[in-house]
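Pasted below: model38.txt, compact mmCIF, C-alpha atoms and all ligand atoms.
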```txt
# COMPACT_ATOMS: atom_id res chain seq x y z
CA MET A 19 3.95 29.86 -5.05
CA SER A 20 0.40 31.24 -4.73
CA ASP A 21 -1.90 30.21 -1.88
CA ASN A 22 -3.93 28.16 -4.34
CA ASN A 23 -1.03 26.19 -5.77
CA VAL A 24 -0.75 22.55 -4.73
CA GLN A 25 2.80 21.25 -5.03
CA ILE A 26 3.11 17.83 -6.63
CA PHE A 27 5.73 15.68 -4.91
CA ASP A 28 6.38 12.63 -7.04
CA THR A 29 7.64 9.52 -5.25
CA THR A 30 7.45 7.06 -8.15
CA LEU A 31 11.20 6.49 -7.87
CA ARG A 32 11.13 5.90 -4.09
CA ASP A 33 7.79 4.74 -2.62
CA GLY A 34 6.58 3.65 -6.09
CA GLU A 35 9.66 1.61 -6.73
CA GLN A 36 8.98 -0.41 -3.56
CA VAL A 37 6.63 -2.62 -5.61
CA PRO A 38 8.06 -6.13 -5.26
CA GLY A 39 9.97 -7.27 -8.36
CA CYS A 40 9.85 -3.89 -10.12
CA LYS A 41 13.26 -2.47 -9.35
CA LEU A 42 14.54 0.08 -11.84
CA ASN A 43 18.18 0.57 -12.78
CA THR A 44 19.83 4.00 -12.67
CA ASN A 45 19.41 4.61 -16.41
CA GLN A 46 15.70 3.84 -16.28
CA LYS A 47 15.37 6.16 -13.27
CA LEU A 48 17.16 8.95 -15.13
CA VAL A 49 14.78 8.66 -18.07
CA ILE A 50 11.76 8.77 -15.76
CA ALA A 51 13.18 11.67 -13.71
CA GLU A 52 13.69 13.71 -16.88
CA GLN A 53 10.10 13.04 -17.93
CA LEU A 54 8.82 13.94 -14.45
CA GLU A 55 10.56 17.29 -14.76
CA HIS A 56 9.02 17.72 -18.22
CA LEU A 57 5.62 16.86 -16.72
CA GLY A 58 6.06 19.74 -14.26
CA VAL A 59 6.24 18.03 -10.87
CA ASP A 60 7.59 20.28 -8.11
CA VAL A 61 9.58 17.63 -6.24
CA ILE A 62 11.15 14.35 -7.37
CA GLU A 63 11.81 11.94 -4.52
CA ALA A 64 14.71 10.16 -6.17
CA GLY A 65 15.35 7.41 -3.63
CA PHE A 66 16.50 6.36 -0.16
CA PRO A 67 20.28 6.83 -0.50
CA VAL A 68 21.41 4.85 2.55
CA SER A 69 19.37 1.81 1.50
CA SER A 70 21.82 0.55 -1.16
CA PRO A 71 24.77 1.72 -3.27
CA GLY A 72 22.47 1.54 -6.33
CA ASP A 73 19.95 3.88 -4.75
CA PHE A 74 22.72 6.25 -3.66
CA LYS A 75 24.02 6.36 -7.24
CA SER A 76 20.55 6.98 -8.66
CA VAL A 77 19.94 9.92 -6.31
CA GLU A 78 23.40 11.30 -7.14
CA GLU A 79 22.89 11.01 -10.92
CA ILE A 80 19.37 12.44 -10.79
CA SER A 81 20.73 15.36 -8.74
CA LYS A 82 23.23 16.10 -11.52
CA LEU A 83 20.63 15.82 -14.28
CA ILE A 84 17.66 17.76 -12.90
CA LYS A 85 17.90 21.54 -13.18
CA ASN A 86 14.57 23.13 -12.26
CA THR A 87 12.92 20.74 -9.83
CA ILE A 88 13.59 19.95 -6.18
CA VAL A 89 15.38 16.60 -5.80
CA CYS A 90 14.64 14.83 -2.54
CA GLY A 91 16.22 11.91 -0.69
CA LEU A 92 14.53 9.89 2.06
CA THR A 93 16.12 9.12 5.42
CA ARG A 94 15.14 7.72 8.79
CA ALA A 95 15.72 9.90 11.85
CA VAL A 96 19.25 8.51 11.96
CA GLU A 97 22.39 10.65 11.63
CA ASN A 98 24.15 8.38 9.17
CA ASP A 99 21.09 8.21 6.87
CA ILE A 100 20.98 12.00 6.82
CA LYS A 101 24.71 12.34 6.15
CA VAL A 102 24.53 9.84 3.28
CA ALA A 103 21.46 11.54 1.78
CA ALA A 104 23.14 14.96 1.97
CA ASN A 105 26.14 13.49 0.15
CA ALA A 106 23.97 11.89 -2.57
CA LEU A 107 22.18 15.22 -3.06
CA ARG A 108 25.34 17.36 -3.15
CA TYR A 109 25.01 18.15 -6.89
CA ALA A 110 21.32 19.02 -6.73
CA LYS A 111 20.43 22.61 -7.58
CA TYR A 112 17.44 22.39 -5.21
CA PRO A 113 18.12 19.60 -2.66
CA ARG A 114 15.60 18.46 -0.06
CA ILE A 115 16.15 15.96 2.77
CA HIS A 116 13.04 14.03 3.80
CA THR A 117 13.50 12.71 7.29
CA GLY A 118 11.14 11.43 9.95
CA ILE A 119 9.99 8.80 12.38
CA GLY A 120 6.92 6.72 13.28
CA THR A 121 4.56 8.55 15.63
CA SER A 122 1.57 6.24 16.18
CA ALA A 123 1.22 4.30 19.44
CA SER A 124 1.84 1.10 17.53
CA HIS A 125 5.07 2.35 15.90
CA ILE A 126 6.36 3.84 19.14
CA LYS A 127 5.74 0.64 21.08
CA TYR A 128 6.54 -2.11 18.58
CA LYS A 129 9.03 -0.54 16.18
CA PHE A 130 11.00 1.59 18.60
CA ASN A 131 10.16 0.19 22.05
CA SER A 132 10.18 3.85 23.03
CA ASN A 133 7.93 6.61 24.38
CA GLN A 134 6.44 9.88 23.13
CA ASP A 135 9.05 12.15 24.73
CA ALA A 136 11.90 10.25 23.13
CA ILE A 137 10.16 10.41 19.74
CA LEU A 138 9.75 14.20 20.06
CA GLU A 139 13.45 14.49 20.83
CA ARG A 140 14.45 12.32 17.85
CA ALA A 141 12.20 14.29 15.51
CA PHE A 142 13.80 17.55 16.64
CA GLU A 143 17.36 16.24 16.39
CA ALA A 144 16.82 14.69 12.95
CA VAL A 145 15.45 17.89 11.43
CA LYS A 146 18.15 19.99 13.09
CA PHE A 147 20.87 17.69 11.77
CA ALA A 148 19.38 17.69 8.25
CA LYS A 149 19.24 21.51 8.39
CA SER A 150 23.01 21.57 8.88
CA PHE A 151 23.30 20.26 5.29
CA VAL A 152 20.36 21.77 3.37
CA GLU A 153 17.85 24.56 3.86
CA ASP A 154 14.86 22.57 2.60
CA VAL A 155 13.96 19.82 5.11
CA GLU A 156 10.72 17.87 5.02
CA PHE A 157 9.68 15.95 8.12
CA TYR A 158 7.40 12.88 7.98
CA ALA A 159 5.40 11.53 10.93
CA GLU A 160 5.09 7.94 9.78
CA ASP A 161 1.65 6.41 10.45
CA ALA A 162 0.25 9.88 11.14
CA GLY A 163 -3.08 8.49 9.92
CA ARG A 164 -3.33 6.43 13.11
CA THR A 165 -1.54 8.93 15.37
CA ASP A 166 -3.50 10.80 18.02
CA ASN A 167 -4.00 14.36 16.72
CA GLU A 168 -2.85 16.06 19.90
CA PHE A 169 0.47 14.21 19.93
CA LEU A 170 0.85 14.68 16.17
CA ALA A 171 0.51 18.43 16.68
CA ARG A 172 3.30 18.35 19.28
CA VAL A 173 5.55 16.40 16.88
CA CYS A 174 4.84 18.93 14.13
CA GLU A 175 5.70 21.82 16.46
CA MET A 176 9.04 20.17 17.29
CA ALA A 177 9.85 19.70 13.61
CA ILE A 178 8.98 23.33 12.84
CA LYS A 179 11.08 24.52 15.79
CA ALA A 180 14.03 22.60 14.34
CA GLY A 181 13.46 24.24 10.95
CA ALA A 182 11.26 21.89 8.89
CA THR A 183 9.88 23.56 5.76
CA VAL A 184 7.35 20.83 4.95
CA LEU A 185 5.38 18.52 7.30
CA ASN A 186 4.38 15.24 5.72
CA ILE A 187 1.29 13.62 7.31
CA PRO A 188 1.31 10.08 5.90
CA ASP A 189 -1.65 7.76 6.10
CA THR A 190 0.96 5.01 5.89
CA THR A 191 -1.49 2.12 6.22
CA GLY A 192 -4.25 3.64 4.07
CA TYR A 193 -6.65 3.45 7.01
CA CYS A 194 -8.29 6.88 7.22
CA LEU A 195 -11.65 7.88 5.86
CA PRO A 196 -11.57 11.09 3.78
CA SER A 197 -13.49 12.98 6.49
CA GLU A 198 -10.99 11.83 9.17
CA TYR A 199 -7.94 12.67 7.10
CA GLY A 200 -9.37 16.09 6.20
CA ALA A 201 -10.17 16.75 9.87
CA LYS A 202 -6.60 15.81 10.82
CA ILE A 203 -5.14 18.36 8.42
CA LYS A 204 -7.61 20.99 9.63
CA TYR A 205 -6.70 20.22 13.26
CA LEU A 206 -2.99 20.66 12.50
CA LYS A 207 -3.63 23.89 10.59
CA GLU A 208 -5.53 25.26 13.58
CA ASN A 209 -3.50 23.90 16.50
CA VAL A 210 0.20 23.71 15.58
CA LYS A 211 2.16 26.75 16.74
CA GLY A 212 4.22 28.15 13.87
CA ILE A 213 2.28 26.22 11.19
CA GLU A 214 2.45 29.26 8.90
CA LYS A 215 6.21 28.56 8.52
CA ALA A 216 5.64 25.14 6.91
CA ILE A 217 3.59 23.46 4.20
CA LEU A 218 1.42 20.48 5.16
CA SER A 219 1.78 17.53 2.80
CA CYS A 220 -0.59 14.62 2.11
CA HIS A 221 0.96 11.17 1.64
CA CYS A 222 -1.85 8.63 1.37
CA HIS A 223 -1.68 4.91 0.73
CA ASN A 224 -4.46 3.10 -1.06
CA ASP A 225 -5.22 0.04 1.11
CA LEU A 226 -8.94 0.86 1.15
CA GLY A 227 -9.00 2.53 -2.27
CA LEU A 228 -9.23 5.97 -0.62
CA ALA A 229 -5.81 7.48 -1.38
CA THR A 230 -7.04 9.96 -3.99
CA ALA A 231 -10.11 10.96 -1.95
CA ASN A 232 -7.98 11.42 1.17
CA SER A 233 -5.39 13.57 -0.59
CA ILE A 234 -8.09 15.77 -2.09
CA GLU A 235 -9.76 16.14 1.31
CA GLY A 236 -6.31 17.06 2.69
CA VAL A 237 -5.80 19.95 0.27
CA ILE A 238 -9.39 21.14 0.71
CA ASN A 239 -8.54 21.43 4.41
CA GLY A 240 -5.33 23.38 3.96
CA ALA A 241 -2.51 21.05 2.88
CA ARG A 242 -0.53 22.40 -0.08
CA GLN A 243 1.49 19.41 -1.23
CA ILE A 244 0.40 15.96 -2.42
CA GLU A 245 2.82 13.01 -2.52
CA CYS A 246 1.91 10.60 -5.26
CA THR A 247 3.16 8.19 -7.91
CA ILE A 248 2.51 7.67 -11.60
CA ASN A 249 -0.26 5.06 -12.03
CA GLY A 250 -0.59 4.96 -8.21
CA ILE A 251 2.13 2.33 -7.96
CA GLY A 252 3.69 1.55 -4.59
CA GLU A 253 3.83 -0.87 -1.67
CA ARG A 254 0.78 -3.13 -1.17
CA ALA A 255 -2.21 -1.36 -2.78
CA GLY A 256 -0.04 1.57 -3.82
CA ASN A 257 0.10 5.32 -3.31
CA THR A 258 -2.10 8.20 -4.43
CA ALA A 259 -2.13 8.27 -8.25
CA LEU A 260 -0.61 11.51 -9.54
CA GLU A 261 -2.80 11.59 -12.65
CA GLU A 262 -5.95 11.26 -10.52
CA VAL A 263 -5.31 14.07 -8.03
CA VAL A 264 -4.09 16.40 -10.76
CA MET A 265 -7.18 15.80 -12.90
CA VAL A 266 -9.57 16.05 -9.92
CA LEU A 267 -8.21 19.55 -9.23
CA LYS A 268 -8.28 20.51 -12.92
CA GLN A 269 -11.84 19.28 -13.49
CA HIS A 270 -13.16 21.04 -10.38
CA PRO A 271 -11.96 24.63 -10.85
CA TYR A 272 -14.35 25.94 -8.18
CA LEU A 273 -12.05 24.33 -5.59
CA ASN A 274 -9.66 27.08 -6.61
CA LEU A 275 -6.62 24.82 -6.32
CA ASP A 276 -4.18 24.26 -9.14
CA THR A 277 -0.94 22.45 -9.93
CA ASN A 278 2.00 23.08 -12.25
CA ILE A 279 1.45 19.83 -14.17
CA ASN A 280 1.33 19.78 -17.98
CA THR A 281 -1.54 17.33 -18.13
CA GLN A 282 -1.01 16.48 -21.82
CA HIS A 283 2.02 14.45 -20.74
CA LEU A 284 0.09 12.24 -18.31
CA TYR A 285 -0.66 9.38 -20.68
CA GLY A 286 2.89 9.27 -22.08
CA ILE A 287 4.56 9.08 -18.68
CA SER A 288 2.04 6.50 -17.50
CA GLN A 289 3.07 4.28 -20.42
CA LEU A 290 6.76 4.90 -19.75
CA VAL A 291 6.51 3.93 -16.06
CA SER A 292 4.37 0.91 -16.77
CA GLU A 293 6.76 -0.38 -19.46
CA SER A 294 9.92 0.34 -17.46
CA MET A 295 8.57 -1.46 -14.39
CA GLY A 296 6.79 -4.23 -16.26
CA ILE A 297 3.52 -3.52 -14.41
CA TYR A 298 0.57 -3.18 -16.73
CA THR A 299 -2.12 -0.70 -15.78
CA GLN A 300 -5.61 -2.12 -15.33
CA PRO A 301 -7.78 -1.24 -18.37
CA ASN A 302 -10.35 0.60 -16.24
CA LYS A 303 -7.70 2.69 -14.42
CA ALA A 304 -8.93 6.29 -14.11
CA ILE A 305 -7.35 8.77 -16.56
CA VAL A 306 -4.68 6.51 -18.10
CA GLY A 307 -6.27 3.04 -18.42
CA ALA A 308 -6.84 1.64 -21.93
CA ASN A 309 -10.62 1.94 -21.44
CA ALA A 310 -10.67 5.34 -19.74
CA PHE A 311 -11.98 6.92 -22.97
CA ALA A 312 -13.53 3.84 -24.62
CA HIS A 313 -17.27 3.40 -25.02
CA SER A 314 -18.84 0.05 -25.75
CA SER A 315 -22.53 0.08 -24.79
CA GLY A 316 -25.01 1.20 -27.45
CA ILE A 317 -26.63 3.91 -25.33
CA HIS A 318 -23.29 5.51 -24.42
CA GLN A 319 -21.92 5.24 -27.95
CA ASP A 320 -24.97 6.94 -29.41
CA GLY A 321 -24.53 9.80 -26.91
CA VAL A 322 -20.78 10.21 -27.45
CA ILE A 323 -21.15 10.19 -31.25
CA LYS A 324 -23.73 12.99 -30.93
CA ASN A 325 -21.66 14.91 -28.38
CA ARG A 326 -18.59 13.64 -26.49
CA GLU A 327 -19.60 15.44 -23.29
CA THR A 328 -22.68 13.25 -22.80
CA TYR A 329 -20.46 10.54 -21.32
CA GLU A 330 -16.99 12.09 -20.97
CA ILE A 331 -16.01 14.59 -18.28
CA ILE A 332 -12.43 14.93 -19.52
CA ASN A 333 -11.27 15.79 -23.03
CA PRO A 334 -8.89 12.91 -23.86
CA LEU A 335 -6.51 15.40 -25.53
CA ASP A 336 -6.04 17.08 -22.14
CA VAL A 337 -4.28 13.97 -20.81
CA GLY A 338 -2.46 13.06 -24.01
CA VAL A 339 -4.90 10.49 -25.38
CA THR A 340 -5.54 11.24 -29.05
CA GLU A 341 -9.22 10.33 -29.21
CA SER A 342 -12.10 8.54 -27.55
CA ALA A 343 -12.69 5.01 -28.79
CA ILE A 344 -15.98 3.55 -29.97
CA VAL A 345 -15.52 -0.15 -29.31
CA LEU A 346 -17.78 -2.51 -31.25
CA THR A 347 -19.20 -5.38 -29.23
CA ALA A 348 -22.53 -7.22 -29.15
CA ARG A 349 -23.74 -4.42 -26.84
CA SER A 350 -23.17 -1.77 -29.53
CA GLY A 351 -26.00 -0.14 -31.42
CA ARG A 352 -26.56 0.98 -35.01
CA ALA A 353 -25.06 4.45 -34.39
CA ALA A 354 -21.72 2.95 -33.38
CA LEU A 355 -21.69 0.53 -36.32
CA ALA A 356 -22.51 3.31 -38.78
CA TYR A 357 -19.78 5.50 -37.22
CA ARG A 358 -17.08 2.84 -37.40
CA ALA A 359 -18.19 1.71 -40.88
CA LYS A 360 -17.88 5.31 -42.09
CA ASN A 361 -14.37 5.50 -40.64
CA VAL A 362 -13.32 2.56 -42.82
CA GLY A 363 -15.05 3.87 -45.95
CA TYR A 364 -18.72 2.78 -45.98
CA GLU A 365 -21.47 5.39 -45.90
CA LEU A 366 -24.53 3.24 -45.05
CA THR A 367 -28.14 4.26 -45.71
CA LYS A 368 -30.68 3.47 -43.01
CA LEU A 369 -31.89 0.37 -44.86
CA GLN A 370 -28.37 -0.85 -45.53
CA LEU A 371 -27.47 -0.31 -41.91
CA ASP A 372 -30.47 -2.38 -40.74
CA SER A 373 -29.38 -5.26 -42.89
CA VAL A 374 -25.67 -5.06 -41.99
CA TYR A 375 -26.52 -4.64 -38.29
CA ALA A 376 -28.25 -8.04 -38.17
CA ASN A 377 -25.07 -9.68 -39.55
CA PHE A 378 -22.96 -7.63 -37.19
CA LEU A 379 -24.86 -8.89 -34.12
CA ASP A 380 -24.44 -12.53 -35.18
CA PHE A 381 -20.73 -11.90 -35.65
CA ALA A 382 -20.31 -9.91 -32.42
CA ASP A 383 -21.99 -12.63 -30.36
CA LEU A 384 -19.12 -14.92 -31.37
CA LYS A 385 -16.29 -12.43 -30.88
CA LYS A 386 -15.48 -10.17 -27.91
CA GLU A 387 -14.57 -7.14 -29.99
CA VAL A 388 -15.23 -6.37 -33.66
CA ASP A 389 -12.28 -4.68 -35.38
CA ASP A 390 -11.91 -2.79 -38.67
CA LYS A 391 -11.02 -5.96 -40.59
CA ASP A 392 -14.17 -7.61 -39.25
CA ILE A 393 -16.28 -4.63 -40.37
CA HIS A 394 -15.09 -5.13 -43.95
CA GLN A 395 -15.90 -8.82 -43.74
CA ILE A 396 -19.36 -8.24 -42.23
CA ILE A 397 -20.29 -5.69 -44.89
CA GLU A 398 -18.80 -7.58 -47.79
CA THR A 399 -20.62 -10.79 -46.90
CA SER A 400 -23.95 -9.05 -46.36
CA LYS A 401 -26.65 -9.10 -48.99
CA VAL A 402 -26.58 -5.32 -49.40
CA TYR A 403 -22.89 -5.21 -50.35
CA GLN A 404 -23.52 -4.71 -54.07
CA GLN A 405 -25.87 -1.82 -53.30
CA ILE A 406 -23.25 -0.24 -51.01
CA ILE A 407 -20.39 -0.34 -53.48
CA SER A 408 -22.52 0.79 -56.41
CA ALA A 409 -23.96 3.75 -54.40
O1 LIG B 501 4.06 5.84 3.88
C1 LIG B 501 4.91 6.44 4.58
O2 LIG B 501 4.72 6.71 5.76
C2 LIG B 501 6.16 6.80 3.93
C3 LIG B 501 7.12 7.65 4.72
C4 LIG B 501 8.45 6.98 4.80
C5 LIG B 501 7.19 9.00 4.14
O3 LIG B 501 6.39 6.46 2.79
ZN ZN B 502 4.52 5.83 1.78
```
Would you encode the structure as structure tokens?
Amino acid sequence: MSDNNVQIFDTTLRDGEQVPGCKLNTNQKLVIAEQLEHLGVDVIEAGFPVSSPGDFKSVEEISKLIKNTIVCGLTRAVENDIKVAANALRYAKYPRIHTGIGTSASHIKYKFNSNQDAILERAFEAVKFAKSFVEDVEFYAEDAGRTDNEFLARVCEMAIKAGATVLNIPDTTGYCLPSEYGAKIKYLKENVKGIEKAILSCHCHNDLGLATANSIEGVINGARQIECTINGIGERAGNTALEEVVMVLKQHPYLNLDTNINTQHLYGISQLVSESMGIYTQPNKAIVGANAFAHSSGIHQDGVIKNRETYEIINPLDVGVTESAIVLTARSGRAALAYRAKNVGYELTKLQLDSVYANFLDFADLKKEVDDKDIHQIIETSKVYQQIISA
């Protein structure tokens, strides 16, 4: 891995699957895991094996299926969780155990009724125990976003001492501002002894709509792994959207950070996850929403018809969308009508277009979107129809 490569850790099948009512069965998970490998993710977090026999089986089956990608299982800092995860991962070619504990004052007091020294000890013991099963151990400091940086650095040092290869710094509650999250990563890079032995990982939740911005700020400040889900699905407001962080890095090459993702597969896998889980993506969702490459206002349509780059910063083909859409509504102008009319077989002169456009506006005011069938009807009922067909 080069210094500029950002590893993509996909947690669609673990954190993503925590969306209420969207449980996947093992077969659905296997199909998605195969497509994630095809997409080029570096790590597939396949589940939380101790949580249920179904999750154990999914992690086990995914471990058998996946050949070139790291397969990861989540645990708490609890011996039995780690033992069960190691067992579920036993067939994996590249197994990773992801273990950790809450580190914020609130987690230490309310979840564990404990103290900082005891948390440091548990972090160390959990990583050490996980290391007795696999070489690749990732440690998470849950609620790191609200954890005091000095204590967080001590926790990270403990995890590295015990052999952690990756340090996950989750903004579990989606609270941080991008500048704060970036500063946290920078602080850890500069203050944790032995940090060169581990990769820092961003795991950001989207409660304030900042998950993508925070993850990007994290890698700008030295993290080299992003944990994310397809379509940004996950608990509450979800996780960082994989398609967003990958395209931010691709569209801003001067950041000098890249990923191993085959971006042409982004739209396909977005559809697969949305259909398998029964959660439909909002139309204006960045990168993969139905309207992400659709233009409906006259001014924009005129620009895009002249040159796509006037209003599009991404080539739709780069994310697996076949073409940009010119949507006809009452806000559309003559250029869009002429363009769509041409696509269905009418080459309109300027005069013909003026006449048809008046009919089009009357029609469009009554209907949200004008489709190809409507275009035929509008033209065929307009006074200039005879002129058009005899031209
Ligand atoms: O959000 C979080 O803190 C997590 C950890 C369990 C990694 O998902
Ligand atoms: Zn999470």
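With distances restricted to all atoms listed in the file, A:Gly252 is the closest residue to Leu31 in chain A from A:Gly252, A:Gly58, A:Pro188, A:Gly181.
Residue neighbourhood of Ser132 in chain A, excluding near-sequence residues (fewer than 6 positions): A:Ile119, A:Gly120, A:Thr121, A:Ser122, A:Ala123, A:Ser124, A:His125, A:Ile126, A:Leu138, A:Glu139, A:Arg140, at 12 Å, using only C-alpha atoms.
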- From the set A:Ile234, A:Leu371, A:Leu273, A:Cys222, which residue has the shortest atom-to-atom contact distance to ligand LIG 501 (chain B), counting all atoms listed in the file?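 Using all atoms listed in the file, the shortest distance to ligand LIG 501 (chain B) belongs to A:Cys222.
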- For ligand ZN 502 (chain B), collect every residue having any atom at a distance of at most 7 Å from a ligand atom (counting only C-alpha atoms and all ligand atoms); output as a PyMOL selection string. chain A and resi 33+188+190+221-223+257
- Task: Step by step, measure atom-to-atom distances between ligand LIG 501 (chain B) and each residue using all atoms listed in the file, keep those at most 10 Å, then write them as a PyMOL selection string.
- Result: chain A and resi 29+32-34+36+66+92-94+116-120+156-163+186-192+220-223+245+252-253+256-257
- Distance in Å - CA of Asn309 in chain A versus CA of Ala343 in chain A: 8.2 Å
- Message: Quick check, in Å to one decimal: how far apart do CA of Val388 in chain A and CA of Val345 in chain A lie?
- Response: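 Atom-to-atom, CA of Val388 in chain A and CA of Val345 in chain A are spaced 7.6 Å apart.
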List the neighbours of Pro67 in chain A out to 6 Å using all atoms listed in the file; skip same-chain residues closer than 5 positions along the sequence, and give me the result as a short mmCIF file (atom, residue, chain, number, x, y, z; two decimals) with C-alpha atoms, in the frame of the given file.
```cif
data_model
loop_
_atom_site.label_atom_id
_atom_site.label_comp_id
_atom_site.auth_asym_id
_atom_site.auth_seq_id
_atom_site.Cartn_x
_atom_site.Cartn_y
_atom_site.Cartn_z
CA ASP A 73 19.95 3.88 -4.75
CA PHE A 74 22.72 6.25 -3.66
CA ALA A 103 21.46 11.54 1.78
#
```
